[in-house]
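Structure file input29.txt; described as compact mmCIF, C-alpha atoms.
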```
# COMPACT_ATOMS: atom_id res chain seq x y z
CA MET A 796 -110.99 -1.39 -89.76
CA LYS A 797 -109.59 0.30 -92.85
CA ARG A 798 -107.26 3.20 -92.26
CA ARG A 799 -109.22 5.59 -94.48
CA ASP A 800 -112.33 4.86 -92.40
CA PHE A 801 -110.47 5.65 -89.21
CA LEU A 802 -109.04 8.87 -90.58
CA ALA A 803 -112.47 10.08 -91.68
CA GLY A 804 -113.90 9.27 -88.28
CA ALA A 805 -111.02 10.89 -86.44
CA ALA A 806 -111.39 14.09 -88.44
CA ALA A 807 -115.09 14.21 -87.70
CA LEU A 808 -114.52 13.63 -84.02
CA ALA A 809 -111.89 16.34 -83.88
CA ALA A 810 -114.28 18.77 -85.55
CA CYS A 811 -117.15 18.11 -83.17
CA SER A 812 -115.14 17.94 -79.93
CA PRO A 813 -112.05 20.15 -80.27
CA LEU A 814 -109.65 21.07 -77.51
CA PRO A 815 -110.42 24.48 -76.02
CA PRO A 816 -109.19 27.06 -78.55
CA GLY A 817 -106.11 29.01 -77.65
CA VAL A 818 -105.32 26.98 -74.54
CA ALA A 819 -101.96 25.18 -74.39
CA ARG A 820 -102.85 22.45 -71.94
CA SER A 821 -99.43 20.84 -72.19
CA VAL A 822 -97.86 23.79 -70.36
CA SER A 823 -100.56 23.99 -67.72
CA ARG A 824 -99.29 24.04 -64.16
CA TYR A 825 -102.21 21.80 -63.20
CA GLY A 826 -102.11 18.03 -63.25
CA LEU A 827 -104.84 15.85 -64.68
CA ALA A 828 -106.21 15.19 -61.21
CA GLN A 829 -106.90 18.90 -60.78
CA HIS A 830 -108.74 18.98 -64.11
CA ALA A 831 -110.76 15.97 -62.97
CA ARG A 832 -111.71 17.53 -59.64
CA ARG A 833 -113.46 20.42 -61.39
CA SER A 834 -116.40 18.09 -61.98
CA GLY A 835 -115.99 16.08 -58.77
CA ARG A 836 -114.00 13.26 -60.36
CA HIS A 837 -110.57 11.67 -60.01
CA PHE A 838 -107.66 10.76 -62.26
CA GLY A 839 -105.10 8.09 -61.55
CA ALA A 840 -102.75 5.47 -62.92
CA ALA A 841 -101.40 2.00 -62.32
CA VAL A 842 -97.90 2.07 -60.85
CA LYS A 843 -95.10 -0.26 -59.77
CA SER A 844 -93.31 0.22 -56.47
CA ARG A 845 -89.90 -0.20 -58.11
CA LEU A 846 -90.54 2.75 -60.43
CA LEU A 847 -91.63 4.93 -57.53
CA ARG A 848 -88.39 4.05 -55.75
CA GLU A 849 -85.94 4.20 -58.63
CA ASP A 850 -87.24 6.69 -61.21
CA THR A 851 -87.48 10.12 -59.64
CA ALA A 852 -88.96 11.66 -62.81
CA PHE A 853 -91.73 9.06 -62.88
CA ARG A 854 -92.40 9.49 -59.17
CA ALA A 855 -92.68 13.26 -59.62
CA ALA A 856 -95.00 12.81 -62.61
CA VAL A 857 -97.34 10.55 -60.63
CA ALA A 858 -97.39 13.04 -57.77
CA ARG A 859 -98.14 15.88 -60.22
CA GLU A 860 -100.79 14.22 -62.37
CA CYS A 861 -102.67 11.76 -60.13
CA ASP A 862 -104.89 11.67 -57.08
CA VAL A 863 -105.51 7.90 -57.32
CA VAL A 864 -103.05 5.04 -57.68
CA VAL A 865 -103.56 1.33 -58.27
CA GLN A 866 -101.01 -1.47 -58.20
CA GLU A 867 -100.10 -2.69 -61.68
CA TYR A 868 -99.40 -6.19 -60.34
CA GLU A 869 -98.41 -6.01 -56.65
CA LEU A 870 -101.77 -7.07 -55.20
CA LYS A 871 -102.27 -9.90 -57.65
CA ARG A 872 -102.13 -13.15 -55.75
CA GLY A 873 -99.27 -14.64 -57.72
CA THR A 874 -97.10 -11.86 -56.32
CA THR A 875 -98.43 -11.56 -52.78
CA GLU A 876 -98.92 -15.25 -51.87
CA PRO A 877 -96.23 -17.20 -53.78
CA LYS A 878 -96.46 -20.00 -51.19
CA GLN A 879 -99.69 -20.97 -49.49
CA GLY A 880 -100.19 -18.89 -46.37
CA LYS A 881 -96.89 -17.02 -46.88
CA TYR A 882 -97.59 -13.42 -47.85
CA ASP A 883 -95.46 -10.62 -49.24
CA PHE A 884 -97.23 -7.27 -49.36
CA SER A 885 -94.04 -5.20 -49.43
CA GLY A 886 -94.59 -3.76 -52.90
CA ALA A 887 -98.23 -2.92 -52.29
CA ASP A 888 -97.33 -1.38 -48.92
CA GLN A 889 -94.91 1.01 -50.65
CA ILE A 890 -97.56 2.06 -53.17
CA ILE A 891 -100.18 2.64 -50.47
CA ASP A 892 -97.65 4.57 -48.37
CA PHE A 893 -96.89 6.75 -51.41
CA ALA A 894 -100.60 7.40 -51.87
CA GLN A 895 -101.08 8.41 -48.26
CA ASP A 896 -97.95 10.59 -48.23
CA HIS A 897 -99.34 12.50 -51.22
CA GLY A 898 -102.97 12.71 -50.12
CA MET A 899 -104.13 10.28 -52.80
CA ARG A 900 -106.82 7.64 -52.90
CA ALA A 901 -105.91 4.01 -53.59
CA ARG A 902 -107.58 1.14 -55.43
CA GLY A 903 -106.93 -2.56 -54.89
CA HIS A 904 -106.46 -4.78 -57.96
CA ALA A 905 -107.48 -7.59 -58.01
CA LEU A 906 -108.87 -9.99 -55.40
CA VAL A 907 -110.32 -12.75 -57.61
CA TRP A 908 -109.00 -13.24 -61.13
CA TYR A 909 -108.59 -16.23 -63.40
CA ALA A 910 -104.98 -15.22 -64.13
CA ALA A 911 -101.83 -14.17 -62.22
CA ASN A 912 -102.35 -16.78 -59.52
CA PRO A 913 -99.55 -18.65 -57.68
CA PRO A 914 -98.66 -22.08 -59.11
CA TRP A 915 -99.78 -23.91 -55.97
CA LEU A 916 -103.36 -22.59 -56.07
CA GLU A 917 -105.02 -24.48 -58.92
CA PRO A 918 -103.76 -27.94 -57.83
CA ALA A 919 -104.92 -27.18 -54.28
CA LEU A 920 -108.31 -26.09 -55.61
CA LYS A 921 -108.75 -29.27 -57.64
CA SER A 922 -108.04 -31.55 -54.67
CA ALA A 923 -110.11 -29.62 -52.11
CA SER A 924 -113.67 -30.25 -50.91
CA GLY A 925 -116.48 -27.80 -51.64
CA ARG A 926 -116.13 -25.79 -48.43
CA GLU A 927 -112.34 -25.80 -48.65
CA ARG A 928 -112.54 -24.57 -52.25
CA GLN A 929 -114.45 -21.53 -51.09
CA ARG A 930 -111.95 -20.95 -48.31
CA LEU A 931 -109.08 -21.02 -50.81
CA MET A 932 -110.72 -18.05 -52.52
CA THR A 933 -112.05 -16.13 -49.53
CA SER A 934 -108.88 -16.40 -47.46
CA TYR A 935 -107.12 -14.00 -49.79
CA ILE A 936 -110.02 -11.55 -49.81
CA ASP A 937 -110.01 -11.56 -46.04
CA MET A 938 -106.23 -11.18 -45.73
CA ALA A 939 -105.80 -8.37 -48.26
CA MET A 940 -108.87 -6.33 -47.37
CA ARG A 941 -108.24 -6.45 -43.63
CA ARG A 942 -104.65 -5.35 -44.17
CA TYR A 943 -105.69 -2.26 -46.12
CA ALA A 944 -109.03 -1.45 -44.49
CA GLY A 945 -109.38 2.32 -44.39
CA ARG A 946 -106.40 2.75 -46.74
CA ILE A 947 -107.78 1.28 -49.97
CA ASN A 948 -111.11 2.87 -50.91
CA GLU A 949 -112.05 0.67 -53.88
CA TRP A 950 -111.44 -2.97 -54.77
CA ASP A 951 -111.68 -4.87 -58.02
CA VAL A 952 -113.31 -7.85 -56.34
CA VAL A 953 -113.83 -10.01 -59.44
CA ASN A 954 -111.96 -9.25 -62.63
CA GLU A 955 -112.77 -10.51 -66.14
CA ALA A 956 -115.54 -13.01 -65.43
CA VAL A 957 -116.98 -13.18 -68.96
CA GLU A 958 -115.54 -14.50 -72.22
CA PRO A 959 -118.22 -15.37 -74.80
CA ASN A 960 -115.65 -16.65 -77.28
CA GLN A 961 -115.08 -19.70 -75.10
CA GLY A 962 -118.45 -21.12 -76.04
CA ARG A 963 -120.75 -21.08 -73.02
CA ALA A 964 -124.28 -19.96 -73.83
CA ASP A 965 -124.22 -17.51 -70.91
CA GLY A 966 -120.89 -16.02 -71.98
CA MET A 967 -119.08 -16.90 -68.76
CA ARG A 968 -115.34 -17.52 -68.85
CA MET A 969 -114.72 -21.25 -69.02
CA ASP A 970 -110.97 -21.21 -68.32
CA SER A 971 -111.37 -19.65 -64.87
CA MET A 972 -110.31 -22.03 -62.09
CA TRP A 973 -112.96 -20.44 -59.90
CA MET A 974 -115.73 -21.04 -62.42
CA LYS A 975 -114.64 -24.66 -62.82
CA ALA A 976 -114.47 -25.28 -59.08
CA LEU A 977 -117.40 -23.27 -57.74
CA GLY A 978 -119.62 -22.33 -60.67
CA GLU A 979 -120.95 -18.83 -61.24
CA HIS A 980 -121.73 -18.42 -57.54
CA TYR A 981 -118.02 -17.89 -56.88
CA ILE A 982 -118.80 -14.27 -57.74
CA ASP A 983 -121.57 -14.11 -55.14
CA THR A 984 -119.25 -15.55 -52.49
CA ALA A 985 -116.44 -13.15 -53.37
CA PHE A 986 -118.61 -10.04 -53.11
CA HIS A 987 -120.39 -11.10 -49.92
CA THR A 988 -117.02 -11.86 -48.32
CA ALA A 989 -115.64 -8.51 -49.44
CA ARG A 990 -118.64 -6.63 -48.04
CA GLU A 991 -118.34 -8.42 -44.69
CA THR A 992 -114.60 -7.79 -44.54
CA ASP A 993 -114.66 -4.05 -45.26
CA GLY A 994 -118.12 -2.55 -45.33
CA ARG A 995 -116.83 0.91 -46.28
CA ALA A 996 -115.01 -0.05 -49.48
CA THR A 997 -116.57 0.34 -52.93
CA LEU A 998 -116.76 -3.08 -54.59
CA PHE A 999 -116.17 -3.37 -58.36
CA LEU A 1000 -116.91 -5.96 -61.00
CA THR A 1001 -114.45 -5.19 -63.82
CA ASP A 1002 -113.99 -6.37 -67.38
CA PHE A 1003 -112.48 -5.54 -70.75
CA GLY A 1004 -113.66 -5.52 -74.37
CA LEU A 1005 -116.76 -3.41 -73.70
CA GLU A 1006 -115.86 -0.29 -75.66
CA HIS A 1007 -115.86 -0.86 -79.40
CA ASP A 1008 -118.49 -1.13 -82.11
CA SER A 1009 -117.60 -4.71 -83.05
CA PRO A 1010 -119.22 -8.14 -82.79
CA ARG A 1011 -116.61 -9.15 -80.21
CA CYS A 1012 -117.43 -6.27 -77.89
CA GLU A 1013 -121.17 -6.56 -78.46
CA ARG A 1014 -121.06 -10.19 -77.28
CA ARG A 1015 -119.08 -9.14 -74.24
CA ARG A 1016 -121.45 -6.29 -73.37
CA THR A 1017 -124.43 -8.62 -73.65
CA ALA A 1018 -122.78 -11.26 -71.47
CA LEU A 1019 -121.87 -8.71 -68.80
CA LEU A 1020 -125.37 -7.21 -68.67
CA LYS A 1021 -126.96 -10.65 -68.38
CA LEU A 1022 -124.49 -11.54 -65.63
CA LEU A 1023 -125.41 -8.36 -63.76
CA ASP A 1024 -129.09 -9.23 -64.10
CA ARG A 1025 -128.44 -12.56 -62.41
CA LEU A 1026 -126.09 -11.25 -59.73
CA LEU A 1027 -128.19 -8.26 -58.70
CA GLY A 1028 -131.27 -10.46 -58.79
CA ARG A 1029 -129.58 -12.64 -56.18
CA GLY A 1030 -128.70 -9.64 -54.02
CA VAL A 1031 -124.96 -9.70 -54.66
CA PRO A 1032 -123.51 -6.46 -53.18
CA ILE A 1033 -121.88 -4.98 -56.28
CA ASP A 1034 -121.38 -1.22 -56.00
CA ALA A 1035 -119.72 -0.40 -59.29
CA VAL A 1036 -118.62 -1.60 -62.71
CA GLY A 1037 -115.10 -0.97 -63.91
CA ILE A 1038 -114.72 -0.63 -67.68
CA GLN A 1039 -111.09 -1.21 -68.47
CA GLY A 1040 -110.94 1.01 -71.54
CA HIS A 1041 -108.15 -0.63 -73.54
CA LEU A 1042 -108.92 1.02 -76.88
CA LYS A 1043 -107.73 -0.43 -80.19
CA PRO A 1044 -108.82 2.18 -82.75
CA TYR A 1045 -106.79 0.74 -85.65
CA LYS A 1046 -108.48 -2.65 -85.22
CA GLU A 1047 -112.06 -1.89 -84.11
CA ARG A 1048 -114.43 1.02 -84.59
CA PHE A 1049 -115.72 3.19 -81.77
CA SER A 1050 -119.30 4.46 -81.74
CA GLU A 1051 -120.14 7.30 -79.37
CA ARG A 1052 -123.86 6.56 -79.51
CA GLN A 1053 -123.44 2.84 -78.86
CA PHE A 1054 -121.06 3.35 -75.94
CA ALA A 1055 -123.27 6.07 -74.43
CA ASN A 1056 -126.26 3.71 -74.56
CA PHE A 1057 -124.26 0.97 -72.85
CA LEU A 1058 -123.14 3.32 -70.06
CA ARG A 1059 -126.70 4.52 -69.63
CA THR A 1060 -127.86 0.92 -69.24
CA LEU A 1061 -125.17 0.21 -66.65
CA SER A 1062 -125.92 3.30 -64.59
CA GLY A 1063 -129.60 2.38 -64.77
CA TYR A 1064 -128.80 -0.51 -62.42
CA GLY A 1065 -127.91 2.09 -59.77
CA LEU A 1066 -124.21 1.26 -60.10
CA LYS A 1067 -121.23 3.59 -60.04
CA LEU A 1068 -118.89 3.53 -63.03
CA SER A 1069 -115.18 4.04 -63.60
CA ILE A 1070 -112.73 3.63 -66.45
CA THR A 1071 -110.10 1.56 -64.67
CA GLU A 1072 -107.32 0.71 -67.18
CA PHE A 1073 -107.41 3.31 -69.94
CA ASP A 1074 -104.81 3.26 -72.71
CA ILE A 1075 -104.75 3.20 -76.51
CA ALA A 1076 -103.00 0.59 -78.63
CA ASP A 1077 -101.54 2.60 -81.51
CA ARG A 1078 -100.00 -0.19 -83.58
CA GLY A 1079 -101.33 0.06 -87.11
CA GLY A 1080 -101.42 3.84 -87.04
CA PRO A 1081 -99.24 6.14 -89.13
CA PRO A 1082 -95.47 5.71 -88.70
CA SER A 1083 -95.12 9.40 -87.88
CA PRO A 1084 -95.51 9.84 -84.09
CA GLU A 1085 -96.91 13.33 -84.60
CA LYS A 1086 -99.69 12.15 -86.91
CA ARG A 1087 -100.40 9.14 -84.74
CA ASP A 1088 -100.59 11.30 -81.63
CA ARG A 1089 -103.24 13.49 -83.28
CA GLU A 1090 -105.38 10.49 -84.18
CA VAL A 1091 -104.97 8.86 -80.78
CA ALA A 1092 -105.91 12.11 -79.04
CA SER A 1093 -109.02 12.45 -81.20
CA ILE A 1094 -110.39 9.01 -80.40
CA ALA A 1095 -109.49 9.46 -76.73
CA LYS A 1096 -111.43 12.72 -76.56
CA ALA A 1097 -114.48 11.08 -78.12
CA PHE A 1098 -114.32 8.12 -75.74
CA LEU A 1099 -113.80 10.26 -72.65
CA ASP A 1100 -116.45 12.82 -73.58
CA VAL A 1101 -119.02 10.04 -73.75
CA SER A 1102 -117.73 8.43 -70.57
CA LEU A 1103 -117.72 11.63 -68.53
CA ASP A 1104 -121.12 12.75 -69.79
CA ASN A 1105 -122.61 9.92 -67.76
CA PRO A 1106 -123.28 11.20 -64.23
CA ALA A 1107 -122.35 7.83 -62.70
CA MET A 1108 -118.78 8.00 -64.05
CA GLY A 1109 -116.44 8.84 -61.21
CA SER A 1110 -112.82 8.16 -62.14
CA ILE A 1111 -110.53 7.72 -65.13
CA LEU A 1112 -107.44 5.60 -64.48
CA CYS A 1113 -104.76 4.87 -67.03
CA TRP A 1114 -102.91 1.57 -67.04
CA GLY A 1115 -99.60 3.32 -66.59
CA LEU A 1116 -98.75 6.97 -66.99
CA SER A 1117 -95.69 7.18 -69.25
CA ASP A 1118 -94.89 5.45 -72.54
CA ARG A 1119 -91.52 4.58 -71.03
CA TYR A 1120 -93.17 1.78 -69.08
CA SER A 1121 -96.30 0.83 -71.04
CA TRP A 1122 -97.20 -2.85 -71.21
CA LEU A 1123 -98.37 -2.19 -74.78
CA SER A 1124 -94.75 -1.96 -75.94
CA ASN A 1125 -94.06 -5.52 -74.78
CA PHE A 1126 -97.31 -7.38 -75.56
CA PRO A 1127 -97.00 -9.26 -78.88
CA GLU A 1128 -100.32 -8.10 -80.31
CA TYR A 1129 -99.65 -4.42 -79.65
CA LYS A 1130 -95.90 -3.82 -79.76
CA TRP A 1131 -94.38 -2.19 -82.82
CA PRO A 1132 -92.24 -4.61 -84.88
CA ASP A 1133 -89.61 -1.91 -85.48
CA GLY A 1134 -89.05 -1.52 -81.74
CA GLN A 1135 -90.53 1.95 -81.28
CA LEU A 1136 -92.50 2.52 -78.10
CA SER A 1137 -96.27 2.53 -78.10
CA ARG A 1138 -97.62 6.03 -77.52
CA GLY A 1139 -100.86 5.11 -75.78
CA LEU A 1140 -100.42 6.94 -72.45
CA PRO A 1141 -100.64 10.65 -71.59
CA LEU A 1142 -96.90 11.15 -70.98
CA ASP A 1143 -94.11 10.30 -73.38
CA ALA A 1144 -90.95 8.38 -72.51
CA ARG A 1145 -89.37 11.56 -71.11
CA MET A 1146 -92.39 12.29 -68.91
CA GLY A 1147 -93.48 15.08 -71.24
CA ARG A 1148 -97.17 15.77 -71.86
CA LYS A 1149 -98.52 14.72 -75.25
CA ARG A 1150 -101.66 15.44 -77.25
CA LEU A 1151 -103.30 12.57 -75.39
CA TRP A 1152 -102.71 14.48 -72.14
CA ASP A 1153 -104.36 17.51 -73.77
CA ALA A 1154 -107.36 15.41 -74.77
CA ILE A 1155 -107.82 13.98 -71.27
CA ALA A 1156 -107.55 17.43 -69.67
CA ALA A 1157 -110.03 18.91 -72.15
CA ALA A 1158 -112.50 16.07 -71.59
CA PHE A 1159 -112.38 16.66 -67.84
CA ASP A 1160 -112.78 20.40 -68.32
CA ALA A 1161 -115.88 19.89 -70.49
CA ALA A 1162 -117.47 17.26 -68.22
CA PRO A 1163 -120.65 18.05 -66.28
CA ALA A 1164 -120.45 17.70 -62.52
CA VAL A 1165 -120.91 14.22 -61.07
CA GLY A 1166 -124.64 13.60 -60.82
CA ARG A 1167 -125.51 16.26 -63.40
CA ARG A 1168 -125.94 15.32 -67.06
CA SER A 1169 -125.04 17.91 -69.67
CA ALA A 1170 -127.78 19.25 -71.98
```

Now, as a test, write the supplied structure out as structure tokens.
Amino acid sequence: MKRRDFLAGAAALAACSPLPPGVARSVSRYGLAQHARRSGRHFGAAVKSRLLREDTAFRAAVARECDVVVQEYELKRGTTEPKQGKYDFSGADQIIDFAQDHGMRARGHALVWYAANPPWLEPALKSASGRERQRLMTSYIDMAMRRYAGRINEWDVVNEAVEPNQGRADGMRMDSMWMKALGEHYIDTAFHTARETDGRATLFLTDFGLEHDSPRCERRRTALLKLLDRLLGRGVPIDAVGIQGHLKPYKERFSERQFANFLRTLSGYGLKLSITEFDIADRGGPPSPEKRDREVASIAKAFLDVSLDNPAMGSILCWGLSDRYSWLSNFPEYKWPDGQLSRGLPLDARMGRKRLWDAIAAAFDAAPAVGRRSA
């Protein structure tokens, strides 16, 4: 995407969806969660237990801004089951305790994923029989969900199941150990097991690359919708779809109309929706942080206005809260070569509110109530 095209689009978006005039959101005494609750929604962020323990400013910011938390990595199986049958939930326990101490909701991320698995798991899966292969997957679902039953309200049951670029006609991810061992029905088994284990939890199918007006994202949207057709046709108990929301505005366009149509199609299945990992990769934007912040806020407002206009959209969760700890600053594709921090989260490195915070608050303030579409 050419920079002049982005700038023209950003200016247009800012003109048609401005922040409320005369209101300095950045000095508001309310956190983002309070803005979200005005329309019956929630705001949260991914956190690490170490940061909650060691960074008092970060801990206070999470308590101020959020009413939902999710573990950034401390319920991924590579962390919690480093040796087969030997579990370590200490980090996740601390996060869930923090949530309960502060009257927050909690999400669980993620039960079945192709990545972040312990090194023993794939060899064990390859040498196991069919029934034992299923047990290697379902044992973790059973262990984690029973441990947190009544404490975790939502689970990402299967994460990132599609990847059309890998060449399958149906768009399914070919490099998933679960797909190789069990075929597509691993998803069915995972969701049925999750439903049986904790019947009160909301069960999510989550994926990325669904947001932009690009051939890559169009292929991914198509693959996900076709997968949902098959899964729901087989009676798989999926309650909700999680759209990760990792925006890359300096690489791919965003179309409000296209994204609104996609959300409308998803909610037409009778499914709940959430944005589960929102952030904005700002590499490629202007060197000036002030100018870049304005552009990032503009695209965020457009994305969130469309998202929250859908009555099925319940929560917005950022993948992190402060630029001090954003994964974007360390990932090769997104980190700035001059060493500056990415500015893709609502709080800066000093836990101060930025224009992106303003845009999120304004989007929540303008959102129709859950279940009620705006005119």

Original post:
Which is closest to Glu869 in chain A among A:Tyr882, A:Trp973, A:Phe999, A:Phe838, if we use all atoms listed in the file?
Top reply: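 That would be A:Tyr882, the residue with the smallest distance to Glu869 in chain A.
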
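Taking CA of Met940 in chain A as the reference point, CA of Glu867 in chain A is found at 17.2 Å.
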
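Note that the spacing between CA of Phe893 in chain A and CA of Leu1066 in chain A amounts to 29.2 Å.
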
**OP:** Name all residues at most 10 Å from Asp1100 in chain A (count all atoms listed in the file; drop same-chain ones fewer than 3 positions away) and give them as a list in words.
**Re:**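 Here the answer would be Ser812, Glu1051, Ala1055, Ile1094, Ala1095, Lys1096, Ala1097, Leu1103, Asp1104, Asn1105, Ala1154, Ile1155, Ala1157, Ala1158, Phe1159, Asp1160, Ala1161, Ala1162 and Pro1163 of chain A.
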
**OP:** Take CA of Leu847 in chain A and CA of Gln889 in chain A and report the distance between them in Å, one decimal.
**Re:**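 Separation between CA of Leu847 in chain A and CA of Gln889 in chain A: 8.6 Å.
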
Contacts between range 899-910 of chain A and range 1049-1140 of chain A, please, where a residue of range 1049-1140 of chain A counts if it comes within 12 Å (with all atoms listed in the file); show its shortest atom pair and distance in Å to one decimal, rows by chain and ascending number, as a Markdown table.
```
| residue | atom | partner | partner_atom | distance |
| --- | --- | --- | --- | --- |
| A:Ser1069 | CA | A:Arg902 | CA | 11.5 |
| A:Thr1071 | CA | A:Arg902 | CA | 9.6 |
| A:Glu1072 | CA | A:His904 | CA | 10.8 |
| A:Ser1110 | CA | A:Arg900 | CA | 11.0 |
| A:Leu1112 | CA | A:Arg902 | CA | 10.1 |
| A:Trp1114 | CA | A:His904 | CA | 11.6 |
```

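Using only C-alpha atoms, the nearest neighbour of Tyr868 in chain A within the list A:Ala964, A:Trp915, A:Thr988, A:Arg845 is A:Arg845.
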
Subject >> Among listed residues A:Tyr943, A:Trp1131, A:Phe1073, A:Phe986, nearest Leu1099 in chain A (using all atoms listed in the file) >> reply: A:Phe1073

Original post:
Which one of A:Ile947, A:Ile1070, A:Leu1023, A:Ile936 sits closest to Ser1102 in chain A if you count only C-alpha atoms?
Top reply: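 Between A:Ile947, A:Ile1070, A:Leu1023, A:Ile936, the residue approaching Ser1102 in chain A most closely is A:Ile1070.
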
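Among the candidate residues A:Leu1020, A:Val1091, A:Val952, A:Cys1012, the one lying nearest to Pro1032 in chain A is A:Val952, with distances computed using all atoms listed in the file.
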
Original post:
Closest to Gln879 in chain A among A:Pro1044, A:Pro914, A:Gly898, A:Gly1147, using only C-alpha atoms?
Top reply: A:Pro914

As lines of an AutoDock Vina configuration file, please: the centre and edge lengths in Å, to one decimal, of an axis-aligned box enclosing every listed atom of range 860-878 of chain A with 3 Å added on each side.
```
center_x = -100.9
center_y = -2.9
center_z = -56.8
size_x = 15.3
size_y = 40.2
size_z = 17.2
```

In the coordinate frame of the file, compute which residues have an atom within 9 Å of (-99.6, -11.1, -55.3) when using only C-alpha atoms, and state them as a compact mmCIF listing (two decimals) with C-alpha atoms, in the frame of the given file.
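Result went into result_12.txt, see below:
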```
# COMPACT_ATOMS: atom_id res chain seq x y z
CA TYR A 868 -99.40 -6.19 -60.34
CA GLU A 869 -98.41 -6.01 -56.65
CA LEU A 870 -101.77 -7.07 -55.20
CA LYS A 871 -102.27 -9.90 -57.65
CA ARG A 872 -102.13 -13.15 -55.75
CA GLY A 873 -99.27 -14.64 -57.72
CA THR A 874 -97.10 -11.86 -56.32
CA THR A 875 -98.43 -11.56 -52.78
CA GLU A 876 -98.92 -15.25 -51.87
CA PRO A 877 -96.23 -17.20 -53.78
CA TYR A 882 -97.59 -13.42 -47.85
CA ASP A 883 -95.46 -10.62 -49.24
CA PHE A 884 -97.23 -7.27 -49.36
CA ALA A 887 -98.23 -2.92 -52.29
CA ALA A 911 -101.83 -14.17 -62.22
CA ASN A 912 -102.35 -16.78 -59.52
CA PRO A 913 -99.55 -18.65 -57.68
```

Would you pick out the contacts of Asp993 in chain A at 7 Å or less, using all atoms listed in the file, so that residues sharing its chain but fewer than 3 positions from it are not included, and give the list as a CSV table (one decimal) with C-alpha atoms, in the coordinates of the input?
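Final output, saved to out.csv:
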```
chain,number,residue,atom,x,y,z
A,940,MET,CA,-108.9,-6.3,-47.4
A,944,ALA,CA,-109.0,-1.4,-44.5
A,989,ALA,CA,-115.6,-8.5,-49.4
A,990,ARG,CA,-118.6,-6.6,-48.0
A,996,ALA,CA,-115.0,0.0,-49.5
```

Original post:
Got a sec: who's within 8 Å of Lys1043 in chain A, counting all atoms listed in the file, leaving out chain neighbours fewer than 5 positions off, as a list in words?
Top reply: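 Residues near the query, excluding close chain neighbours: Ile1075, Ala1076 and Asp1077 of chain A.
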